[in-house]
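Working notes for the structure below.
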Amino acid sequence: MRPELVERILEFGAVTGSRNEEVDAVVVGSGCGGAVVAKELAGAGWSVLVLERGGLYLAERGDFDQREDDMMAKLGAGRGLDTTVDGGTAVLAGNNVGGASVHYWADSHRLPRDRCELFAREHGVQHRSYDELVPWFERIERDLNIHEAPDELRNRNNWLFLEGAQRIGLEVERVRQARKNCVRSGYCMQGCAYDAKQSQLVTYVPEALARGARLFADCEVERVLVEGGRAVGAQARFLDRRSCEPSGHTLTVKAKRAVVVAAGGFSTAPLLMASGIADRSGQLGKNLQMNPGMRTLGIFDEDVVQWRNIPAAVGCLQHRLARYDEQGRYLEGGFLLYPDQLQPASLAACLPGYGEGHRALMELAPKIGAVTSWIDERFAGTVTLGDDGLPLWDFPIVGEDADKFRHAITLHARILLAAGAREVIVPDRTLRRVDGRWVVGARIKDDREIDAVVAQVDLSPGSIFYAAPHPAGAARMGGSPDTSVLNSDGEVWSTPGLYVADPSAFPTVVSVDPSESIMAWSYVTATRMLEKRG
Amino acid sequence: MQQRTPRSLAAFSRRGFLIGSASALAALGAGVALVMRGDPAAYRELVRLPDGTLPTPVRLSIKELAVLSALCDRLVPAGNGLPSAKELGIARRVDRELAFLRDKMSDDVRGALFLIEHGGVAHGSASRFCALDDPGKDARLAAMWGGGALERSCVAGMRILALFFTYVDDRTWPRIGYSGPLVGHRSTPAADSSVLALTRSAG
């Protein structure tokens with residue numbers, strides 16, 4: 001980031017006292033939603049202040065050291081250790097300037113037309129049809145250099161996925177990537193040390209700053225300020241990045257035109273709740289979906305080294321939509337199939353079991369390939385505030401959503417075996433003593449074993465470790481204040497001047513990586529805001 | 001043909017991980033804890049550092065740190081060139097990390113450690129986890145891992161912490177064929193629970 005732009009960012013070390021600010025708009029969060037809105041409002045001449053709870057980390061300062069512990073603590077909300085209340089699903093959210101886009105895989109999909117139609121038909125969402133979004137998609141794709149991944153971005157795990165999937169008759173396509181001059185290090189989830197991944201940190205955040213916006217990092221918004229039923233600002237506190245504790249300095253922001261909450265799909269609804277925002281629909285905090293995902297592992301006789309090069313240059317999208325029979329019973333699908341990528345310590349956490357059996361697997365780590373799926377879930381959970389005022393995410397994997405995992409695991413196993421894996425491992429709680437050795441996870445060595453093994457896989461929390469990177473729905477948009485939290489402008493029905501610009505607004509998960517969808521919807525929200533309040 | 005998971009069964013298994021442990025632990029009863037409280041001196045010996053000093057835990061008690069240390073030794077057992085959890089300082093690393101997390105996480109970890117140390121009664125054993133030999137510890141863990149949702153969730157939560165903080169330690173990398181980061185520097189951590197920080201605090 002250019003030095004003159006960095007100077008527009010206030011970090012914890014430079015905060016010497018409490019402050020008051022008055023601006024046209026305050027934007028809470030600097031990820032795919034907040035950065036777009038800040039850029040557009042600043043470009044229209046509004047004075048804009050972005051407040052980001054996490055820190056500022058820059059490649060040119062050497063902040064991205066590619067160590068999993070350092071980077072997870074820097075980039076992850078809850079230092080990467082937050083989970084749902086049952087401990088079964090990791091809650092993956094960004095906590096840094098640039099938000100979750102700094103740790104995402106850079107996979108870039110347009111919001112599918114069928115999902116746009118669903119949102120309009122069943123939820124009454126307006127102004128966001130696929131055709132209305134196309135100009136924004138095209139702009140995002142130009143700005144972020146989104147393009148199909150070329151062959152050189154395929155690591156061995158990608159090639160094995162491609163070969164295995166094609167051998168069993170699946171259609172594999174190139175996954176579009178937001179990258180420029182990628183060096184294929186493999187540390188996408190640790191934050192790109194080369195500024196090659198086109199995250200918000202290197203695209204729309206600097207653009208917003210160049211247009212005059214300011215940004216306070218290490219600044220946690222505690223509540224939205226409301227007067228006379230209208231949003232008028234935000235109350236925040238500065239954090240000391242070295243201790244994760246409040247520094248003792250506070251911030252009060254008066255926003256003359258708009259308060260935009262873009263704190264992310266896991267955090268926006270809790271912030272609105274903590275602020276006492278009225279919600280006639282009763283939907284605030286409900287409908288929380290999160291694309292829970294898991295991986296199936298294959299042991300190969302060759303080195304796979306899944307942690308180098310990019311995570312997913314190819315993928316299979318033909319099972320994206322679930323299919324049902326005439327009685328509405330689930331038949332198949334409802335997930336994507338991707339090659340997986342984990343750095344070794346994260347791989348250790350996602351391998352099954354513990355003890356000697358786990359250690360034996362880790363000794364084979366370079367030979368482990370993996371296929372992953374996030375399911376496009378039907379059921380939803382909730383987010384509420386705990387006694388400590390912090391969010392509690394309660395999310396079930398039940399009914400047909402569990403069946404989706406079984407179908408996905410079946411395909412994972414078939415792909416891995418077809419690619420030449422000598423053994424497939426489903427990372428559930430299976431723990432057996434075989435010939436004096438501990439064996440962990442459910443094992444499959446032959447196609448004929450797949451159905452029987454998958455049918456017995458224990459999908460319950462704690463058995464398989466799920467991760468949820470794509471939250472949506474907890475402050476959903478819709479056509480009526482009786483059934484939704486936001487109107488089609490992105491404004492909270494009950495509170496004029498209060499907008500939400502992040503995936504909380506989606507009525508459901510979007511069935512693909514949501515980053516491009518979040519940006520496109522945020523462009524629409526900014527445009528509607530400017531038309532109404534500009 | 002895909003097997004369906006009965007919704008009621010799936011919902012039944014959704015007991016709180018560590019967050020639900022407090023009520024379950026209450027069922028164990030303070031009396032059990034009193035009878036099985038163990039020898040404080042024995043717990044101290046479990047965590048004593050090679051130079052003979054005792055570490056000063058940040059969030060956990062010495063007893064909790066000792067249980068965590070014993071647990072980590074079985075979750076990630078030394079061998080085949082892998083250093084022991086005690087050598088790697090995994091328990092102390094987890095304790096220090098808790099200082100940077102929401103208080104609920106510390107409460108959850110304490111609850112899990114209590115259940116692991118004193119939960120043998122559910123499996124017909126009055127022995128504390130720390131008092132068992134290695135095969136006994138493995139058998140206890142296997143029973144909990146294969147037991148009810150709460151027990152499994154406690155082991156699962158601690159398992160993730162122990163494994164992650166073991167394999168981020170570069171002393172383990174030669175054993176797993178990982179050559180490490182491509183950039184040649186360590187950056188300034190946000191809030192630091194690393195081995196370096198532990199070394200500094202001990203010094």
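Residues in the structure tokens are numbered from 1 in each chain, the chains being A, B, ... in the order shown, and ligands are numbered from 1 in the order shown.
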Which residues are close to segment 79-91 of chain B, i.e. within 8 Å by only C-alpha atoms, leaving aside same-chain residues fewer than 5 positions away? Reply as a PDB file with N, CA and C atoms, in the first residue's frame.
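Listed below is the output, out35.pdb:
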```pdb
ATOM      1  N   LEU B  65      -2.869 -27.080  34.676  1.00  0.00           N
ATOM      2  CA  LEU B  65      -1.738 -27.143  33.752  1.00  0.00           C
ATOM      3  C   LEU B  65      -1.139 -28.547  33.732  1.00  0.00           C
ATOM      4  N   LEU B  68      -3.418 -30.806  31.800  1.00  0.00           N
ATOM      5  CA  LEU B  68      -3.261 -30.491  30.380  1.00  0.00           C
ATOM      6  C   LEU B  68      -1.950 -31.059  29.843  1.00  0.00           C
ATOM      7  N   SER B  69      -0.905 -30.960  30.645  1.00  0.00           N
ATOM      8  CA  SER B  69       0.392 -31.484  30.222  1.00  0.00           C
ATOM      9  C   SER B  69       0.326 -33.004  30.039  1.00  0.00           C
ATOM     10  N   CYS B  72      -1.752 -33.726  26.907  1.00  0.00           N
ATOM     11  CA  CYS B  72      -1.027 -33.466  25.662  1.00  0.00           C
ATOM     12  C   CYS B  72      -0.011 -34.566  25.371  1.00  0.00           C
ATOM     13  N   ASP B  73       0.598 -35.103  26.427  1.00  0.00           N
ATOM     14  CA  ASP B  73       1.574 -36.171  26.227  1.00  0.00           C
ATOM     15  C   ASP B  73       0.959 -37.406  25.595  1.00  0.00           C
ATOM     16  N   ALA B 162      -4.100 -29.198  21.156  1.00  0.00           N
ATOM     17  CA  ALA B 162      -2.809 -29.883  21.318  1.00  0.00           C
ATOM     18  C   ALA B 162      -2.142 -30.140  19.970  1.00  0.00           C
ATOM     19  N   PHE B 165      -1.021 -26.700  18.145  1.00  0.00           N
ATOM     20  CA  PHE B 165       0.143 -26.023  18.717  1.00  0.00           C
ATOM     21  C   PHE B 165       1.394 -26.918  18.736  1.00  0.00           C
ATOM     22  N   THR B 166       1.215 -28.197  18.527  1.00  0.00           N
ATOM     23  CA  THR B 166       2.396 -29.057  18.343  1.00  0.00           C
ATOM     24  C   THR B 166       3.007 -28.830  16.962  1.00  0.00           C
ATOM     25  N   ASP B 169       5.038 -25.801  15.739  1.00  0.00           N
ATOM     26  CA  ASP B 169       6.386 -25.674  16.295  1.00  0.00           C
ATOM     27  C   ASP B 169       7.398 -26.231  15.294  1.00  0.00           C
ATOM     28  N   ARG B 171      10.183 -27.366  15.525  1.00  0.00           N
ATOM     29  CA  ARG B 171      10.945 -28.554  15.924  1.00  0.00           C
ATOM     30  C   ARG B 171      10.268 -29.838  15.461  1.00  0.00           C
ATOM     31  N   THR B 172       8.984 -29.761  15.128  1.00  0.00           N
ATOM     32  CA  THR B 172       8.283 -30.968  14.654  1.00  0.00           C
ATOM     33  C   THR B 172       8.362 -31.115  13.131  1.00  0.00           C
ATOM     34  N   ARG B 175      10.039 -34.029  11.107  1.00  0.00           N
ATOM     35  CA  ARG B 175       9.389 -35.333  11.208  1.00  0.00           C
ATOM     36  C   ARG B 175       8.233 -35.499  10.231  1.00  0.00           C
ATOM     37  N   VAL B 195       6.461 -19.938  21.548  1.00  0.00           N
ATOM     38  CA  VAL B 195       7.565 -20.467  22.345  1.00  0.00           C
ATOM     39  C   VAL B 195       8.550 -19.357  22.705  1.00  0.00           C
TER      40      VAL B 195
END
```
Restrict the calculation to only C-alpha atoms, then for each residue of segment 36-102 of chain B with any atom at most 8 Å from an atom of segment 116-140 of chain B give the closest atom pair and their distance in Å to one decimal, rows by chain and rising residue number, as a tab-separated table.
```
residue	atom	partner	partner_atom	distance
B:Met36	CA	B:Arg128	CA	6.6
B:Gly38	CA	B:Arg128	CA	7.6
B:Ala66	CA	B:Cys130	CA	7.9
B:Val67	CA	B:Cys130	CA	6.2
B:Ala70	CA	B:Cys130	CA	6.3
B:Arg74	CA	B:Asp138	CA	6.8
```
Could you build a table of the residues in chain A lying no more than 6 Å from chain B, giving for each the nearest pair of atoms and their separation in Å rounded to one decimal place, using only C-alpha atoms, ordered by chain and ascending residue number, as JSON lines?
```
{"residue": "A:Asp63", "atom": "CA", "partner": "B:Ser187", "partner_atom": "CA", "distance": 5.2}
{"residue": "A:Asp65", "atom": "CA", "partner": "B:Arg186", "partner_atom": "CA", "distance": 5.6}
{"residue": "A:Gln66", "atom": "CA", "partner": "B:Pro181", "partner_atom": "CA", "distance": 5.5}
{"residue": "A:Asp70", "atom": "CA", "partner": "B:Pro189", "partner_atom": "CA", "distance": 5.8}
{"residue": "A:Lys74", "atom": "CA", "partner": "B:Ala190", "partner_atom": "CA", "distance": 5.7}
{"residue": "A:Val85", "atom": "CA", "partner": "B:Gly16", "partner_atom": "CA", "distance": 5.9}
{"residue": "A:Asp86", "atom": "CA", "partner": "B:Gly16", "partner_atom": "CA", "distance": 4.1}
{"residue": "A:Gly87", "atom": "CA", "partner": "B:Phe17", "partner_atom": "CA", "distance": 5.0}
{"residue": "A:Arg241", "atom": "CA", "partner": "B:Ala190", "partner_atom": "CA", "distance": 5.6}
{"residue": "A:Arg242", "atom": "CA", "partner": "B:Ala191", "partner_atom": "CA", "distance": 4.3}
{"residue": "A:Ser243", "atom": "CA", "partner": "B:Ala191", "partner_atom": "CA", "distance": 5.3}
{"residue": "A:Cys244", "atom": "CA", "partner": "B:Phe100", "partner_atom": "CA", "distance": 5.8}
{"residue": "A:Ala345", "atom": "CA", "partner": "B:Tyr167", "partner_atom": "CA", "distance": 4.7}
{"residue": "A:Ala348", "atom": "CA", "partner": "B:Leu163", "partner_atom": "CA", "distance": 5.9}
{"residue": "A:Ala349", "atom": "CA", "partner": "B:Ile160", "partner_atom": "CA", "distance": 5.1}
{"residue": "A:Tyr354", "atom": "CA", "partner": "B:Leu75", "partner_atom": "CA", "distance": 5.1}
{"residue": "A:Gly355", "atom": "CA", "partner": "B:Leu75", "partner_atom": "CA", "distance": 4.6}
{"residue": "A:Met362", "atom": "CA", "partner": "B:Ile176", "partner_atom": "CA", "distance": 5.9}
{"residue": "A:Glu363", "atom": "CA", "partner": "B:Ile176", "partner_atom": "CA", "distance": 4.7}
{"residue": "A:Ala365", "atom": "CA", "partner": "B:Ile176", "partner_atom": "CA", "distance": 5.9}
{"residue": "A:Val398", "atom": "CA", "partner": "B:Arg7", "partner_atom": "CA", "distance": 5.5}
{"residue": "A:Gly399", "atom": "CA", "partner": "B:Arg7", "partner_atom": "CA", "distance": 4.9}
{"residue": "A:Asp403", "atom": "CA", "partner": "B:Arg4", "partner_atom": "CA", "distance": 5.6}
{"residue": "A:Ala455", "atom": "CA", "partner": "B:Gln3", "partner_atom": "CA", "distance": 5.5}
{"residue": "A:Gly462", "atom": "CA", "partner": "B:Ser153", "partner_atom": "CA", "distance": 4.9}
```
How about saving the chosen residues, C-alpha atoms kept, as a JSON list (two decimals), in the first residue's frame?
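Contents of result_20.json, as written:
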```json
[["chain", "number", "residue", "atom", "x", "y", "z"],
["A", 63, "ASP", "CA", 3.78, -8.80, 8.56],
["A", 65, "ASP", "CA", 5.44, -14.50, 7.88],
["A", 66, "GLN", "CA", 3.52, -17.58, 6.65],
["A", 70, "ASP", "CA", 1.19, -16.08, 13.92],
["A", 74, "LYS", "CA", -3.53, -11.93, 13.35],
["A", 85, "VAL", "CA", -21.39, -23.68, 20.82],
["A", 86, "ASP", "CA", -21.05, -27.43, 20.44],
["A", 87, "GLY", "CA", -17.39, -27.04, 19.51],
["A", 241, "ARG", "CA", -3.08, -5.36, 19.63],
["A", 242, "ARG", "CA", -0.34, -6.78, 21.86],
["A", 243, "SER", "CA", -2.74, -7.93, 24.56],
["A", 244, "CYS", "CA", -6.10, -8.11, 22.76],
["A", 345, "ALA", "CA", -0.69, -27.68, 11.60],
["A", 348, "ALA", "CA", -3.00, -32.03, 11.90],
["A", 349, "ALA", "CA", -6.17, -30.60, 13.43],
["A", 354, "TYR", "CA", -4.98, -38.45, 18.19],
["A", 355, "GLY", "CA", -2.08, -40.36, 19.69],
["A", 362, "MET", "CA", 1.40, -36.94, 10.17],
["A", 363, "GLU", "CA", 4.60, -38.74, 9.19],
["A", 365, "ALA", "CA", 1.76, -35.64, 5.55],
["A", 398, "VAL", "CA", -29.14, -32.35, 10.69],
["A", 399, "GLY", "CA", -31.57, -34.00, 8.34],
["A", 403, "ASP", "CA", -27.21, -36.62, 3.92],
["A", 455, "ALA", "CA", -23.10, -45.16, 5.83],
["A", 462, "GLY", "CA", -16.56, -33.62, 17.75]]
```
**Message:** Need to verify the contact set: Val36 of chain A, 7 Å, only C-alpha atoms, exclusion of same-chain residues closer than 2 positions in sequence. Can you return it as a list in words?
**Reply:**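 Those residues are Cys32, Gly33, Gly34, Ala38, Lys39, Glu40, Tyr204, Met519, Ser522 and Tyr523 of chain A.
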**Prompt:** From the set A:Val97, A:Arg295, A:Gly229, A:Val91, which residue has the shortest atom-to-atom contact distance to Ile9 of chain A, counting only C-alpha atoms?
**Reply:**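 Among the listed residues, the smallest separation from Ile9 of chain A belongs to A:Val97.
Within 6 Å of segment 148-151 of chain A there are Arg174, Val175, Arg176, Gln177 and Ala313 of chain A, counting only C-alpha atoms and ignoring same-chain residues fewer than 6 positions away.
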Got time to write the residues from that selection, all heavy atoms, as a compact mmCIF listing (two decimals), in the first residue's frame?
```txt
# COMPACT_ATOMS: atom_id res chain seq x y z
N ARG A 174 -12.09 -24.94 -14.59
CA ARG A 174 -11.12 -24.05 -13.96
C ARG A 174 -11.86 -23.12 -13.01
O ARG A 174 -12.94 -22.63 -13.34
CB ARG A 174 -10.40 -23.21 -15.01
CG ARG A 174 -9.55 -24.02 -15.99
CD ARG A 174 -8.98 -23.11 -17.05
NE ARG A 174 -8.36 -23.89 -18.12
CZ ARG A 174 -7.09 -24.28 -18.12
NH1 ARG A 174 -6.31 -23.92 -17.11
NH2 ARG A 174 -6.60 -24.99 -19.11
N VAL A 175 -11.29 -22.89 -11.84
CA VAL A 175 -11.90 -21.98 -10.87
C VAL A 175 -11.32 -20.59 -11.09
O VAL A 175 -10.10 -20.42 -11.19
CB VAL A 175 -11.62 -22.46 -9.43
CG1 VAL A 175 -12.14 -21.44 -8.42
CG2 VAL A 175 -12.27 -23.82 -9.19
N ARG A 176 -12.20 -19.61 -11.19
CA ARG A 176 -11.72 -18.24 -11.40
C ARG A 176 -11.08 -17.70 -10.12
O ARG A 176 -11.57 -17.93 -9.01
CB ARG A 176 -12.88 -17.35 -11.84
CG ARG A 176 -13.46 -17.84 -13.19
CD ARG A 176 -14.41 -16.84 -13.78
NE ARG A 176 -15.33 -16.29 -12.80
CZ ARG A 176 -15.93 -15.12 -12.94
NH1 ARG A 176 -15.71 -14.36 -13.99
NH2 ARG A 176 -16.79 -14.68 -12.03
N GLN A 177 -9.99 -17.00 -10.31
CA GLN A 177 -9.17 -16.55 -9.20
C GLN A 177 -8.93 -15.05 -9.25
O GLN A 177 -8.69 -14.49 -10.32
CB GLN A 177 -7.79 -17.25 -9.26
CG GLN A 177 -7.86 -18.75 -9.11
CD GLN A 177 -8.18 -19.16 -7.69
OE1 GLN A 177 -7.61 -18.62 -6.76
NE2 GLN A 177 -9.10 -20.11 -7.54
N ALA A 313 -7.29 -24.60 -8.10
CA ALA A 313 -7.30 -24.06 -9.46
C ALA A 313 -8.40 -24.69 -10.30
O ALA A 313 -8.78 -24.16 -11.33
CB ALA A 313 -5.94 -24.30 -10.13
```
**Request:** Name the closest residue to Val47 of chain B among the candidates B:Arg92, B:Arg59, B:Arg110, B:Ser179; distances are taken between atoms, counting only C-alpha atoms.
**Result:** B:Arg92
**Item:** Neighbour list for Arg128 of chain A as a PyMOL selection string, cut-off 9 Å, only C-alpha atoms, skip fewer than 3 positions in-chain
**Value:** chain A and resi 116+119-120+125+131-133+488+520-521+524
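The gap separating atom CA of Asp279 of chain A from atom CA of Gly228 of chain A is 15.6 Å, in Å to one decimal.
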**Asked** Looking only at the backbone, which of the residues in segment 103-230 of chain A does DSSP tag as strand (DSSP E or B), as an NGL selection string?
**Response** :A and (107 or 146-148 or 173-174 or 176-179 or 197 or 214-216 or 219-227 or 230)
